[in-house]
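One file, target03.txt, is given below (compact mmCIF, C-alpha atoms and all ligand atoms).
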```txt
# COMPACT_ATOMS: atom_id res chain seq x y z
CA MET A 100 -25.71 0.54 21.25
CA THR A 101 -25.35 0.26 25.01
CA THR A 102 -22.56 2.43 26.30
CA GLY A 103 -20.61 2.10 29.53
CA THR A 104 -21.53 -1.59 29.66
CA THR A 105 -18.99 -4.38 29.48
CA TRP A 106 -19.77 -7.34 27.28
CA GLN A 107 -20.07 -9.56 30.35
CA GLU A 108 -22.84 -7.36 31.75
CA ALA A 109 -24.65 -6.80 28.52
CA ASN A 110 -27.80 -8.70 27.81
CA THR A 111 -28.26 -10.43 24.56
CA ASN A 112 -31.43 -10.33 22.58
CA GLY A 113 -33.15 -13.60 21.70
CA ALA A 114 -34.42 -12.47 18.30
CA TYR A 115 -30.98 -11.11 17.46
CA GLN A 116 -29.23 -14.33 18.41
CA GLN A 117 -31.73 -16.36 16.40
CA ALA A 118 -31.21 -14.27 13.27
CA LEU A 119 -27.43 -14.42 13.76
CA GLU A 120 -27.49 -18.19 14.04
CA ARG A 121 -29.62 -18.57 10.93
CA ILE A 122 -27.25 -16.41 8.90
CA ALA A 123 -24.13 -18.08 10.38
CA GLN A 124 -25.48 -21.53 9.58
CA GLY A 125 -26.41 -20.51 6.05
CA VAL A 126 -30.05 -21.37 6.74
CA SER A 127 -31.31 -18.00 5.55
CA ALA A 128 -30.37 -14.38 5.08
CA GLU A 129 -33.58 -12.44 4.79
CA ARG A 130 -33.47 -8.65 4.63
CA HIS A 131 -35.01 -8.23 8.06
CA GLU A 132 -32.51 -10.70 9.56
CA ILE A 133 -29.54 -8.93 8.03
CA GLY A 134 -30.92 -5.59 9.19
CA LEU A 135 -31.35 -6.87 12.72
CA VAL A 136 -27.87 -8.37 12.91
CA LEU A 137 -26.29 -5.28 11.36
CA SER A 138 -27.61 -3.04 14.14
CA PRO A 139 -27.15 -4.73 17.53
CA GLU A 140 -28.63 -2.97 20.53
CA THR A 141 -26.30 -4.45 23.15
CA ALA A 142 -22.57 -4.97 23.41
CA GLY A 143 -23.26 -8.67 23.98
CA ASP A 144 -25.07 -8.95 20.63
CA GLU A 145 -22.40 -6.97 18.80
CA PHE A 146 -19.62 -9.14 20.21
CA GLY A 147 -21.70 -12.21 19.39
CA LEU A 148 -21.74 -11.19 15.72
CA LEU A 149 -18.01 -10.47 15.60
CA GLU A 150 -17.15 -13.72 17.36
CA ALA A 151 -19.44 -15.77 15.08
CA ALA A 152 -17.55 -14.29 12.11
CA HIS A 153 -14.21 -15.08 13.75
CA ASN A 154 -15.29 -18.68 14.26
CA ALA A 155 -16.51 -18.90 10.66
CA ARG A 156 -13.15 -17.58 9.50
CA LEU A 157 -11.29 -20.17 11.60
CA GLY A 158 -13.56 -22.96 10.38
CA ASN A 159 -13.39 -22.08 6.69
CA MET A 160 -10.02 -20.39 6.22
CA GLY A 161 -7.96 -21.44 9.23
CA ARG A 162 -5.84 -19.38 11.56
CA GLN A 163 -3.47 -18.11 8.88
CA VAL A 164 -3.16 -14.57 7.55
CA HIS A 165 -2.26 -13.99 3.89
CA VAL A 166 0.13 -11.09 3.37
CA ARG A 167 -0.14 -9.63 -0.14
CA GLY A 168 2.11 -6.90 -1.50
CA ILE A 169 0.34 -4.15 -3.41
CA ILE A 170 2.02 -2.02 -6.09
CA GLU A 171 0.08 1.07 -7.14
CA PHE A 172 1.61 1.63 -10.53
CA SER A 173 -0.37 4.51 -12.05
CA ASN A 174 -2.56 7.20 -10.53
CA TYR A 175 -4.04 8.40 -13.82
CA CYS A 176 -7.76 7.77 -13.99
CA ARG A 177 -10.38 8.48 -16.63
CA GLN A 178 -13.23 8.17 -14.11
CA ASP A 179 -14.47 10.99 -11.94
CA CYS A 180 -15.75 9.32 -8.76
CA LEU A 181 -16.86 11.97 -6.31
CA TYR A 182 -15.07 10.40 -3.33
CA CYS A 183 -11.67 9.62 -4.83
CA GLY A 184 -8.52 11.72 -4.92
CA LEU A 185 -7.47 10.07 -8.18
CA ARG A 186 -10.54 11.36 -10.04
CA ARG A 187 -9.69 12.99 -13.34
CA SER A 188 -10.96 16.39 -12.18
CA ASN A 189 -8.44 16.59 -9.36
CA ALA A 190 -5.92 18.87 -11.04
CA LYS A 191 -3.84 19.22 -7.89
CA LEU A 192 -2.67 15.61 -7.84
CA ARG A 193 0.86 14.93 -9.11
CA ARG A 194 0.28 12.17 -11.65
CA TYR A 195 2.70 9.30 -12.22
CA ARG A 196 2.84 6.17 -14.30
CA MET A 197 5.49 3.55 -13.54
CA SER A 198 7.05 1.86 -16.55
CA PRO A 199 6.55 -1.91 -16.91
CA GLU A 200 10.19 -2.45 -15.99
CA GLN A 201 9.83 -0.32 -12.85
CA ILE A 202 6.81 -2.36 -11.77
CA VAL A 203 8.62 -5.68 -12.23
CA GLU A 204 11.64 -4.28 -10.36
CA ALA A 205 9.41 -3.15 -7.49
CA ALA A 206 7.87 -6.62 -7.31
CA ALA A 207 11.30 -8.30 -7.28
CA PHE A 208 12.48 -5.90 -4.59
CA ALA A 209 9.43 -6.61 -2.40
CA LEU A 210 9.87 -10.36 -2.86
CA GLU A 211 13.41 -10.08 -1.47
CA PHE A 212 11.99 -8.83 1.81
CA HIS A 213 9.11 -11.25 2.12
CA GLY A 214 7.89 -14.32 0.28
CA PHE A 215 4.66 -12.70 -0.87
CA GLY A 216 2.39 -15.38 -2.31
CA THR A 217 0.53 -12.71 -4.25
CA ILE A 218 1.45 -9.38 -5.78
CA VAL A 219 -1.50 -7.05 -6.35
CA LEU A 220 -1.14 -4.56 -9.23
CA GLN A 221 -3.42 -1.58 -8.78
CA SER A 222 -3.99 1.61 -10.75
CA GLY A 223 -6.63 4.11 -11.68
CA GLU A 224 -8.47 3.41 -14.92
CA ASP A 225 -5.56 4.50 -17.03
CA PRO A 226 -6.07 4.41 -20.82
CA GLY A 227 -2.41 5.43 -21.08
CA TYR A 228 -1.47 1.93 -20.04
CA PRO A 229 -1.81 -0.34 -23.09
CA ALA A 230 -3.18 -3.80 -22.40
CA ASP A 231 -0.03 -5.39 -23.83
CA ALA A 232 2.18 -3.54 -21.34
CA ILE A 233 0.11 -4.83 -18.43
CA ALA A 234 0.22 -8.34 -19.90
CA TYR A 235 4.01 -8.09 -20.04
CA VAL A 236 4.14 -7.10 -16.37
CA VAL A 237 1.77 -9.89 -15.34
CA LYS A 238 3.82 -12.49 -17.15
CA ALA A 239 7.14 -11.21 -15.81
CA ILE A 240 5.92 -11.16 -12.19
CA ARG A 241 4.35 -14.59 -12.50
CA GLN A 242 7.77 -15.85 -13.55
CA LEU A 243 9.15 -14.56 -10.23
CA GLY A 244 6.82 -16.95 -8.41
CA PRO A 245 3.77 -15.22 -6.89
CA ALA A 246 0.18 -15.18 -8.02
CA VAL A 247 -0.91 -11.88 -9.60
CA THR A 248 -4.05 -9.97 -8.76
CA LEU A 249 -5.07 -7.06 -10.98
CA SER A 250 -7.07 -4.07 -9.79
CA VAL A 251 -7.16 -1.72 -12.77
CA GLY A 252 -10.85 -0.98 -13.17
CA GLN A 253 -13.33 -1.37 -15.99
CA ARG A 254 -11.69 -2.42 -19.23
CA PRO A 255 -12.88 -4.19 -22.40
CA TYR A 256 -13.40 -7.96 -22.36
CA GLU A 257 -10.45 -8.39 -24.73
CA ASP A 258 -8.08 -6.75 -22.22
CA TYR A 259 -9.26 -8.99 -19.40
CA GLU A 260 -8.82 -11.96 -21.70
CA LEU A 261 -5.30 -10.94 -22.68
CA TRP A 262 -4.22 -10.54 -19.05
CA ARG A 263 -5.79 -13.84 -18.08
CA LYS A 264 -3.84 -15.53 -20.84
CA ALA A 265 -0.69 -13.78 -19.62
CA GLY A 266 -1.16 -15.45 -16.24
CA ALA A 267 -3.28 -13.08 -14.14
CA ASP A 268 -5.05 -15.13 -11.48
CA ARG A 269 -7.40 -12.70 -9.81
CA PHE A 270 -9.14 -9.37 -10.31
CA LEU A 271 -10.47 -6.87 -7.80
CA LEU A 272 -13.31 -4.56 -8.82
CA LYS A 273 -15.49 -3.18 -6.04
CA PHE A 274 -19.09 -2.34 -6.93
CA GLU A 275 -18.94 0.15 -4.01
CA THR A 276 -22.74 0.36 -3.56
CA SER A 277 -25.55 -1.82 -4.90
CA ASP A 278 -27.91 1.13 -5.22
CA PRO A 279 -27.90 2.17 -8.91
CA ASN A 280 -28.89 5.77 -8.18
CA LEU A 281 -26.28 6.33 -5.48
CA PHE A 282 -23.73 4.60 -7.68
CA LYS A 283 -24.51 6.92 -10.59
CA GLU A 284 -24.41 9.96 -8.34
CA LEU A 285 -20.99 9.04 -6.93
CA ASN A 286 -19.55 7.57 -10.13
CA PRO A 287 -20.98 9.85 -12.84
CA SER A 288 -18.76 8.48 -15.60
CA THR A 289 -20.02 4.87 -15.40
CA THR A 290 -22.99 2.81 -14.19
CA LEU A 291 -23.56 -0.03 -11.76
CA ASP A 292 -24.67 -2.24 -14.66
CA GLU A 293 -21.41 -1.63 -16.49
CA ARG A 294 -19.45 -2.43 -13.32
CA LEU A 295 -21.37 -5.67 -12.76
CA GLN A 296 -21.00 -6.64 -16.41
CA CYS A 297 -17.21 -6.37 -15.99
CA LEU A 298 -17.40 -8.69 -12.99
CA MET A 299 -19.41 -11.17 -15.06
CA ASN A 300 -16.82 -10.99 -17.83
CA LEU A 301 -14.03 -11.64 -15.35
CA ARG A 302 -15.94 -14.58 -13.90
CA LYS A 303 -16.46 -16.02 -17.37
CA LEU A 304 -12.73 -15.80 -18.06
CA GLY A 305 -11.95 -17.88 -14.97
CA TYR A 306 -10.52 -15.16 -12.73
CA GLN A 307 -10.91 -15.40 -8.99
CA ILE A 308 -12.96 -12.26 -8.58
CA GLY A 309 -12.95 -9.79 -5.75
CA THR A 310 -15.51 -7.11 -5.10
CA GLY A 311 -16.84 -5.08 -2.21
CA ILE A 312 -18.34 -1.98 -0.76
CA ILE A 313 -17.55 1.34 0.90
CA LEU A 314 -19.19 2.00 4.26
CA GLY A 315 -20.26 5.47 5.36
CA LEU A 316 -20.79 7.11 1.96
CA PRO A 317 -22.92 10.25 2.07
CA GLY A 318 -26.44 9.27 1.01
CA GLN A 319 -25.95 5.61 1.92
CA THR A 320 -28.79 4.13 3.98
CA ARG A 321 -29.02 1.03 6.13
CA GLN A 322 -31.35 -0.54 3.54
CA MET A 323 -28.69 0.01 0.90
CA ILE A 324 -26.08 -1.74 3.03
CA ILE A 325 -28.44 -4.69 3.48
CA CYS A 326 -28.77 -4.83 -0.32
CA ASP A 327 -24.97 -4.57 -0.64
CA LEU A 328 -24.55 -7.64 1.55
CA LEU A 329 -27.21 -9.53 -0.39
CA LEU A 330 -25.48 -8.69 -3.65
CA LEU A 331 -22.18 -9.92 -2.21
CA LYS A 332 -23.86 -13.18 -1.29
CA GLU A 333 -25.38 -13.51 -4.74
CA LEU A 334 -22.08 -12.83 -6.53
CA ASP A 335 -20.23 -15.21 -4.17
CA PRO A 336 -16.84 -13.66 -5.01
CA GLU A 337 -13.55 -15.21 -4.00
CA MET A 338 -12.46 -11.97 -2.31
CA VAL A 339 -14.59 -9.42 -0.45
CA SER A 340 -13.45 -5.97 0.58
CA VAL A 341 -15.34 -3.74 3.02
CA GLY A 342 -13.67 -0.43 3.72
CA PRO A 343 -14.76 2.77 5.47
CA PHE A 344 -15.26 5.95 3.46
CA ILE A 345 -12.47 8.46 4.08
CA PRO A 346 -13.10 11.88 2.53
CA HIS A 347 -10.39 13.43 0.39
CA PRO A 348 -10.24 17.24 0.66
CA GLY A 349 -9.65 17.57 -3.09
CA THR A 350 -12.96 15.92 -3.98
CA PRO A 351 -16.60 17.08 -3.91
CA LEU A 352 -17.30 14.72 -0.97
CA GLY A 353 -14.35 16.12 0.92
CA LYS A 354 -16.10 19.42 1.37
CA ALA A 355 -16.87 20.14 5.01
CA GLY A 356 -20.64 19.94 4.58
CA ALA A 357 -20.51 16.36 3.37
CA THR A 358 -18.43 15.09 6.26
CA ALA A 359 -19.28 17.28 9.25
CA LYS A 360 -21.16 14.55 11.13
CA ARG A 361 -18.56 11.81 10.74
CA ASP A 362 -17.69 9.78 13.81
CA PRO A 363 -14.62 7.58 13.16
CA ALA A 364 -15.24 5.25 16.13
CA ARG A 365 -18.80 4.55 14.97
CA LEU A 366 -17.61 4.01 11.42
CA ILE A 367 -14.91 1.57 12.56
CA ARG A 368 -17.47 -0.47 14.45
CA ALA A 369 -19.98 -0.34 11.59
CA THR A 370 -17.25 -1.46 9.18
CA LEU A 371 -16.26 -4.36 11.44
CA ARG A 372 -19.88 -5.48 11.66
CA ALA A 373 -20.16 -5.41 7.86
CA VAL A 374 -16.87 -7.34 7.59
CA ALA A 375 -18.30 -9.89 10.03
CA LEU A 376 -21.56 -10.25 8.09
CA SER A 377 -19.59 -10.60 4.86
CA ARG A 378 -17.69 -13.50 6.40
CA LEU A 379 -20.92 -15.18 7.47
CA MET A 380 -22.63 -14.63 4.10
CA VAL A 381 -19.63 -15.38 1.84
CA PRO A 382 -17.80 -17.86 4.08
CA LEU A 383 -15.10 -18.96 1.61
CA ALA A 384 -13.98 -15.46 0.59
CA HIS A 385 -10.59 -14.02 1.33
CA ILE A 386 -11.32 -10.79 3.20
CA PRO A 387 -8.69 -8.10 3.78
CA ALA A 388 -8.26 -6.01 6.88
CA THR A 389 -8.27 -2.89 4.72
CA THR A 390 -5.67 -0.14 4.73
CA ALA A 391 -8.53 2.39 5.01
CA LEU A 392 -9.54 0.83 8.32
CA GLY A 393 -5.98 1.26 9.57
CA VAL A 394 -5.97 4.90 8.46
CA ILE A 395 -9.28 5.83 10.06
CA GLY A 396 -8.17 4.23 13.34
CA LYS A 397 -5.38 6.78 13.62
CA GLY A 398 -7.89 9.62 13.74
CA SER A 399 -9.79 8.46 16.80
CA ARG A 400 -9.14 6.61 20.05
CA ASP A 401 -12.78 6.31 21.10
CA TRP A 402 -12.94 2.72 19.88
CA VAL A 403 -9.96 1.48 21.89
CA GLU A 404 -11.62 0.48 25.14
CA TRP A 405 -14.39 -1.31 23.29
CA ALA A 406 -11.76 -3.10 21.21
CA GLY A 407 -9.89 -4.21 24.31
CA ASP A 408 -13.06 -5.76 25.75
CA TYR A 409 -13.77 -7.63 22.54
CA ILE A 410 -10.27 -8.87 21.99
CA LEU A 411 -10.02 -10.22 25.52
CA LYS A 412 -13.38 -11.93 25.09
CA VAL A 413 -12.56 -13.55 21.79
CA LEU A 414 -8.91 -14.43 22.37
CA GLY A 415 -8.81 -15.00 26.10
CA ASP A 416 -5.70 -17.02 26.82
CA LYS A 417 -5.45 -18.12 23.21
CA GLY A 418 -3.88 -14.85 22.13
CA GLY A 419 -0.25 -13.95 22.51
CA SER A 420 1.08 -12.19 25.57
CA GLY A 421 1.41 -8.95 23.61
CA TRP A 422 -2.34 -8.44 23.32
CA ARG A 423 -2.99 -9.33 26.93
CA ALA A 424 -0.34 -6.87 28.04
CA SER A 425 -1.58 -4.07 25.84
CA ALA A 426 -5.29 -4.69 25.60
CA GLY A 427 -6.04 -1.07 26.36
CA ASP A 428 -3.50 0.23 23.89
CA TRP A 429 -4.74 -0.67 20.42
CA SER A 430 -3.23 1.29 17.63
CA ASP A 431 -4.51 -0.45 14.53
CA PRO A 432 -8.10 -1.57 13.84
CA ARG A 433 -6.75 -3.92 11.16
CA ALA A 434 -5.80 -6.27 14.01
CA LEU A 435 -9.41 -6.21 15.14
CA ALA A 436 -10.64 -6.98 11.63
CA LEU A 437 -8.46 -10.11 11.72
CA VAL A 438 -10.56 -11.40 14.62
CA CYS A 439 -13.87 -10.34 13.05
CA GLY A 440 -13.68 -12.43 9.89
CA ALA A 441 -10.82 -10.90 7.86
CA ASN A 442 -7.83 -13.08 6.94
CA VAL A 443 -5.70 -10.96 4.57
CA ILE A 444 -3.47 -7.93 4.98
CA MET A 445 -2.03 -5.95 2.07
CA PRO A 446 1.03 -3.79 2.77
CA ASP A 447 1.81 -1.15 0.17
CA VAL A 448 5.10 -2.01 -1.55
CA THR A 449 4.99 0.78 -4.14
CA PRO A 450 8.38 2.56 -4.38
CA LYS A 451 8.39 5.52 -2.07
CA VAL A 452 8.97 8.05 -4.83
CA PHE A 453 5.49 7.28 -6.18
CA ARG A 454 3.62 6.08 -3.12
CA ASP A 455 2.47 9.34 -1.63
CA SER A 456 0.84 10.37 -4.91
CA TYR A 457 -1.55 7.41 -4.93
CA GLU A 458 -3.92 9.38 -2.82
CA ILE A 459 -7.40 7.90 -3.11
CA TYR A 460 -7.83 9.25 0.41
CA PRO A 461 -5.33 11.06 2.65
CA GLY A 462 -3.19 9.46 5.36
CA LYS A 463 -2.27 6.25 3.58
CA ALA A 464 1.11 4.73 4.50
CA GLY A 465 3.37 2.00 3.17
CA SER A 466 7.02 1.19 2.94
CA ASP A 467 10.03 0.27 0.92
CA GLY A 468 13.70 -0.34 1.64
CA GLU A 469 14.37 -0.30 5.37
CA GLU A 470 10.79 0.69 5.98
CA LEU A 471 9.42 -2.34 4.15
CA SER A 472 11.34 -4.69 6.41
CA GLY A 473 9.91 -2.75 9.37
CA THR A 474 6.38 -3.04 7.98
CA ILE A 475 6.74 -6.79 7.51
CA LYS A 476 8.12 -7.11 11.03
CA SER A 477 5.20 -5.22 12.57
CA ILE A 478 2.69 -7.33 10.59
CA ARG A 479 4.40 -10.48 11.87
CA THR A 480 4.17 -9.21 15.44
CA MET A 481 0.50 -8.27 15.00
CA VAL A 482 -0.34 -11.69 13.57
CA GLN A 483 1.62 -13.62 16.22
CA ASN A 484 0.04 -11.64 19.01
CA LEU A 485 -3.36 -12.67 17.69
CA GLY A 486 -2.31 -16.32 18.03
CA MET A 487 -2.21 -16.62 14.23
CA SER A 488 0.51 -17.31 11.66
CA ILE A 489 1.46 -15.91 8.27
CA ALA A 490 0.42 -18.14 5.39
CA SER A 491 2.90 -19.37 2.85
CA GLY A 492 1.94 -20.04 -0.76
CA ARG A 493 -0.31 -18.23 -3.22
CA GLY A 494 -3.46 -18.08 -1.13
CA ASP A 495 -5.89 -19.12 -3.84
CA SER A 496 -9.58 -19.41 -3.13
CA PRO A 497 -10.33 -22.67 -1.31
CA LYS A 498 -13.14 -23.39 -3.79
CA PRO A 499 -12.38 -26.64 -5.66
CA GLN A 500 -12.37 -25.03 -9.11
CA PHE A 501 -9.47 -22.80 -8.07
CA THR A 502 -7.39 -25.28 -6.11
CA ALA A 503 -7.52 -27.93 -8.83
CA LYS A 504 -6.06 -25.95 -11.70
CA ARG A 505 -3.79 -23.07 -12.51
CA CYS A 506 -4.09 -20.20 -14.89
CA PRO A 507 -3.89 -21.12 -18.60
CA ALA A 508 -1.33 -20.19 -21.23
CA GLU A 509 1.44 -19.10 -18.91
CA SER A 510 3.74 -19.88 -21.81
CA ARG A 511 2.04 -17.39 -24.11
CA SER A 512 4.69 -15.78 -26.23
CA GLY A 513 4.87 -12.44 -27.95
CA ILE A 514 3.93 -10.32 -24.93
CA THR A 515 6.33 -7.42 -24.53
CA GLY A 516 6.40 -4.12 -22.74
CA GLU A 517 6.83 -2.27 -26.01
CA GLY A 518 4.27 0.35 -26.78
CA PHE A 519 4.07 1.50 -23.19
CA GLY A 520 3.09 5.12 -23.00
CA ALA A 521 1.71 5.14 -26.54
CA GLY A 522 -1.88 4.93 -25.34
CA LYS A 523 -4.32 7.72 -24.90
CA GLU A 524 -3.47 10.29 -22.28
CA VAL A 525 -6.09 11.23 -19.75
S1 LIG B 1 -12.39 5.15 -7.40
FE1 LIG B 1 -11.18 4.12 -8.97
S2 LIG B 1 -12.25 4.59 -10.89
FE2 LIG B 1 -13.01 6.06 -9.34
S3 LIG B 1 -11.70 7.89 -9.64
FE3 LIG B 1 -10.77 6.58 -8.04
S4 LIG B 1 -9.26 5.29 -9.08
FE4 LIG B 1 -10.66 6.15 -10.61
```

What is this structure when it is put down as structure tokens?
Amino acid sequence: MTTGTTWQEANTNGAYQQALERIAQGVSAERHEIGLVLSPETAGDEFGLLEAAHNARLGNMGRQVHVRGIIEFSNYCRQDCLYCGLRRSNAKLRRYRMSPEQIVEAAAFALEFHGFGTIVLQSGEDPGYPADAIAYVVKAIRQLGPAVTLSVGQRPYEDYELWRKAGADRFLLKFETSDPNLFKELNPSTTLDERLQCLMNLRKLGYQIGTGIILGLPGQTRQMIICDLLLLKELDPEMVSVGPFIPHPGTPLGKAGATAKRDPARLIRATLRAVALSRLMVPLAHIPATTALGVIGKGSRDWVEWAGDYILKVLGDKGGSGWRASAGDWSDPRALALVCGANVIMPDVTPKVFRDSYEIYPGKAGSDGEELSGTIKSIRTMVQNLGMSIASGRGDSPKPQFTAKRCPAESRSGITGEGFGAGKEV
């Protein structure tokens, strides 16, 4: 990457622009083209990629930003992923499990502050949470109005089916990396095939599926990332998540040796390029500006000047006065992601008493009570300053099969929260 060069001065590369256009137009996405576009050699090329993704986002998804409240209801996990603070081997983590009633209360409380069109329910893979209890929560929250997205990991087909019948609309399950060996190394208690089979099961059951990758994992190569993007294209999910790897000190990958060479500014830019390519290759997907991106941005300011150049290029006079006034004072890379193809933001609405213990990686933040209203206010300001607006409604996939019909059997009876806590402990 050219340094010390403004985008105006930077040359663009003909081969790069050609490959970018072919991918943006959906004409082709060959490995060598993805590789080329993923690694621009000039600031002009890099900005060209990000702006193409922004235009694709505007063309396919509009100028609106979907704000989805996320409740992290249990941090028990039976898996042992090497990068995650929730892994079962992390004995130092204070474990919690919200009751079904507490989850529904938290959702109702969040909905008082903001008309969330979607509530996302996330947990570790917690066998202590019986499928019926989750079904009860799904049904109760659906009755409050919003769509419900589940993110609770790999579970049997029957569980997915039960939750779908209870009204769950969507399911997030990242495959993390498309390389089976790296996957096995980092996730020793499961396999990539098992993960992908779960996604197929969810697809079969009519969920809007979400999946994605982690950027910057130790052992991850550029070729693997190209394969990740190709797999995303092949799966054509309704939601795509691309987040940077943040080491947790209580995990094997948090050890100094595994992370010594990390450069947050480089990782932010690499993540934004992968977000942009995801937008171009899966144009109808909802793509979040991830919390992890916001967290990693706090650890480095080296990306700020570059960000200011890009934002002024892409927004010009179309942005709000706030960005023009503070173009050299970025504090949150999530705003950048929203002009590189992302169109969703997911504030954490988990009650504060539990929130800090959902520590997949350190430094995560969210809000409730007074703080939640402050969080919503700052998101509104961020969105307005980008010349965008906050979407109302559920924010379903724009694909015809998901706009034409709603989830089945919302009237299913006999689902109760009884039996909660009776499942197997981890
Ligand atoms: S990444 Fe998910 S499955 Fe793996 S340990 Fe963390 S919470 Fe569990």

Surrounding residues of segment 340-356 of chain A excluding itself and chain neighbours under 6 positions, 8 Å, all atoms listed in the file, as a PDB file with C-alpha atoms, in the coordinates of the input:
```pdb
ATOM      1  CA  LEU A 181     -16.860  11.970  -6.310  1.00  0.00           C
ATOM      2  CA  TYR A 182     -15.070  10.400  -3.330  1.00  0.00           C
ATOM      3  CA  CYS A 183     -11.670   9.620  -4.830  1.00  0.00           C
ATOM      4  CA  GLY A 184      -8.520  11.720  -4.920  1.00  0.00           C
ATOM      5  CA  ARG A 186     -10.540  11.360 -10.040  1.00  0.00           C
ATOM      6  CA  ASN A 189      -8.440  16.590  -9.360  1.00  0.00           C
ATOM      7  CA  LYS A 191      -3.840  19.220  -7.890  1.00  0.00           C
ATOM      8  CA  LYS A 273     -15.490  -3.180  -6.040  1.00  0.00           C
ATOM      9  CA  GLY A 309     -12.950  -9.790  -5.750  1.00  0.00           C
ATOM     10  CA  THR A 310     -15.510  -7.110  -5.100  1.00  0.00           C
ATOM     11  CA  GLY A 311     -16.840  -5.080  -2.210  1.00  0.00           C
ATOM     12  CA  ILE A 312     -18.340  -1.980  -0.760  1.00  0.00           C
ATOM     13  CA  ILE A 313     -17.550   1.340   0.900  1.00  0.00           C
ATOM     14  CA  LEU A 314     -19.190   2.000   4.260  1.00  0.00           C
ATOM     15  CA  GLY A 315     -20.260   5.470   5.360  1.00  0.00           C
ATOM     16  CA  LEU A 316     -20.790   7.110   1.960  1.00  0.00           C
ATOM     17  CA  PRO A 317     -22.920  10.250   2.070  1.00  0.00           C
ATOM     18  CA  LEU A 366     -17.610   4.010  11.420  1.00  0.00           C
ATOM     19  CA  ILE A 367     -14.910   1.570  12.560  1.00  0.00           C
ATOM     20  CA  THR A 370     -17.250  -1.460   9.180  1.00  0.00           C
ATOM     21  CA  ALA A 373     -20.160  -5.410   7.860  1.00  0.00           C
ATOM     22  CA  VAL A 374     -16.870  -7.340   7.590  1.00  0.00           C
ATOM     23  CA  ILE A 386     -11.320 -10.790   3.200  1.00  0.00           C
ATOM     24  CA  PRO A 387      -8.690  -8.100   3.780  1.00  0.00           C
ATOM     25  CA  THR A 389      -8.270  -2.890   4.720  1.00  0.00           C
ATOM     26  CA  ALA A 391      -8.530   2.390   5.010  1.00  0.00           C
ATOM     27  CA  LEU A 392      -9.540   0.830   8.320  1.00  0.00           C
ATOM     28  CA  ILE A 395      -9.280   5.830  10.060  1.00  0.00           C
ATOM     29  CA  ILE A 459      -7.400   7.900  -3.110  1.00  0.00           C
ATOM     30  CA  TYR A 460      -7.830   9.250   0.410  1.00  0.00           C
ATOM     31  CA  PRO A 461      -5.330  11.060   2.650  1.00  0.00           C
TER      32      PRO A 461
END
```

Between A:Gln116, A:Thr290, A:Ser138, A:Gln201, which has the minimum distance to ligand LIG 1 (chain B) (counting only C-alpha atoms and all ligand atoms)? A:Thr290

If I put a ball of radius 8 Å at (-3.7, -18.2, 10.7) in the file's coordinates, which residues poke into it when counting all atoms listed in the file, written as a PyMOL selection string? chain A and resi 157+161-164+442+482+486-490

Around ligand LIG 1 (chain B), at most 7 Å away and counting only C-alpha atoms and all ligand atoms, which residues are there? Put them as a list in words, please.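 Residues satisfying the distance criterion: Cys176, Arg177, Gln178, Asp179, Cys180, Cys183, Gly184, Leu185, Arg186, Arg187, Ser222, Gly223, Glu224, Gly252, Asn286 and Ile459 of chain A.
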
Nearest candidate to Glu120 of chain A (options A:Ala207, A:Leu383, A:Leu376, A:Ala436; using all atoms listed in the file): A:Leu376

Restore N, CA and C atoms in segment 473-482 of chain A and list the result as a short mmCIF file (atom, residue, chain, number, x, y, z; two decimals), in the coordinates of the input.
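Saved the output as result.cif:
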```cif
data_model
loop_
_atom_site.label_atom_id
_atom_site.label_comp_id
_atom_site.auth_asym_id
_atom_site.auth_seq_id
_atom_site.Cartn_x
_atom_site.Cartn_y
_atom_site.Cartn_z
N GLY A 473 10.59 -3.12 8.13
CA GLY A 473 9.91 -2.75 9.37
C GLY A 473 8.42 -3.05 9.31
N THR A 474 7.81 -2.76 8.14
CA THR A 474 6.38 -3.04 7.98
C THR A 474 6.10 -4.53 8.12
N ILE A 475 6.93 -5.33 7.45
CA ILE A 475 6.74 -6.79 7.51
C ILE A 475 6.89 -7.28 8.95
N LYS A 476 7.90 -6.70 9.64
CA LYS A 476 8.12 -7.11 11.03
C LYS A 476 6.89 -6.78 11.90
N SER A 477 6.34 -5.58 11.72
CA SER A 477 5.20 -5.22 12.57
C SER A 477 3.97 -6.06 12.22
N ILE A 478 3.82 -6.44 10.95
CA ILE A 478 2.69 -7.33 10.59
C ILE A 478 2.88 -8.69 11.26
N ARG A 479 4.12 -9.19 11.21
CA ARG A 479 4.40 -10.48 11.87
C ARG A 479 4.03 -10.44 13.35
N THR A 480 4.44 -9.34 14.01
CA THR A 480 4.17 -9.21 15.44
C THR A 480 2.66 -9.17 15.68
N MET A 481 1.95 -8.37 14.87
CA MET A 481 0.50 -8.27 15.00
C MET A 481 -0.15 -9.65 14.87
N VAL A 482 0.27 -10.39 13.85
CA VAL A 482 -0.34 -11.69 13.57
C VAL A 482 -0.02 -12.69 14.69
#
```
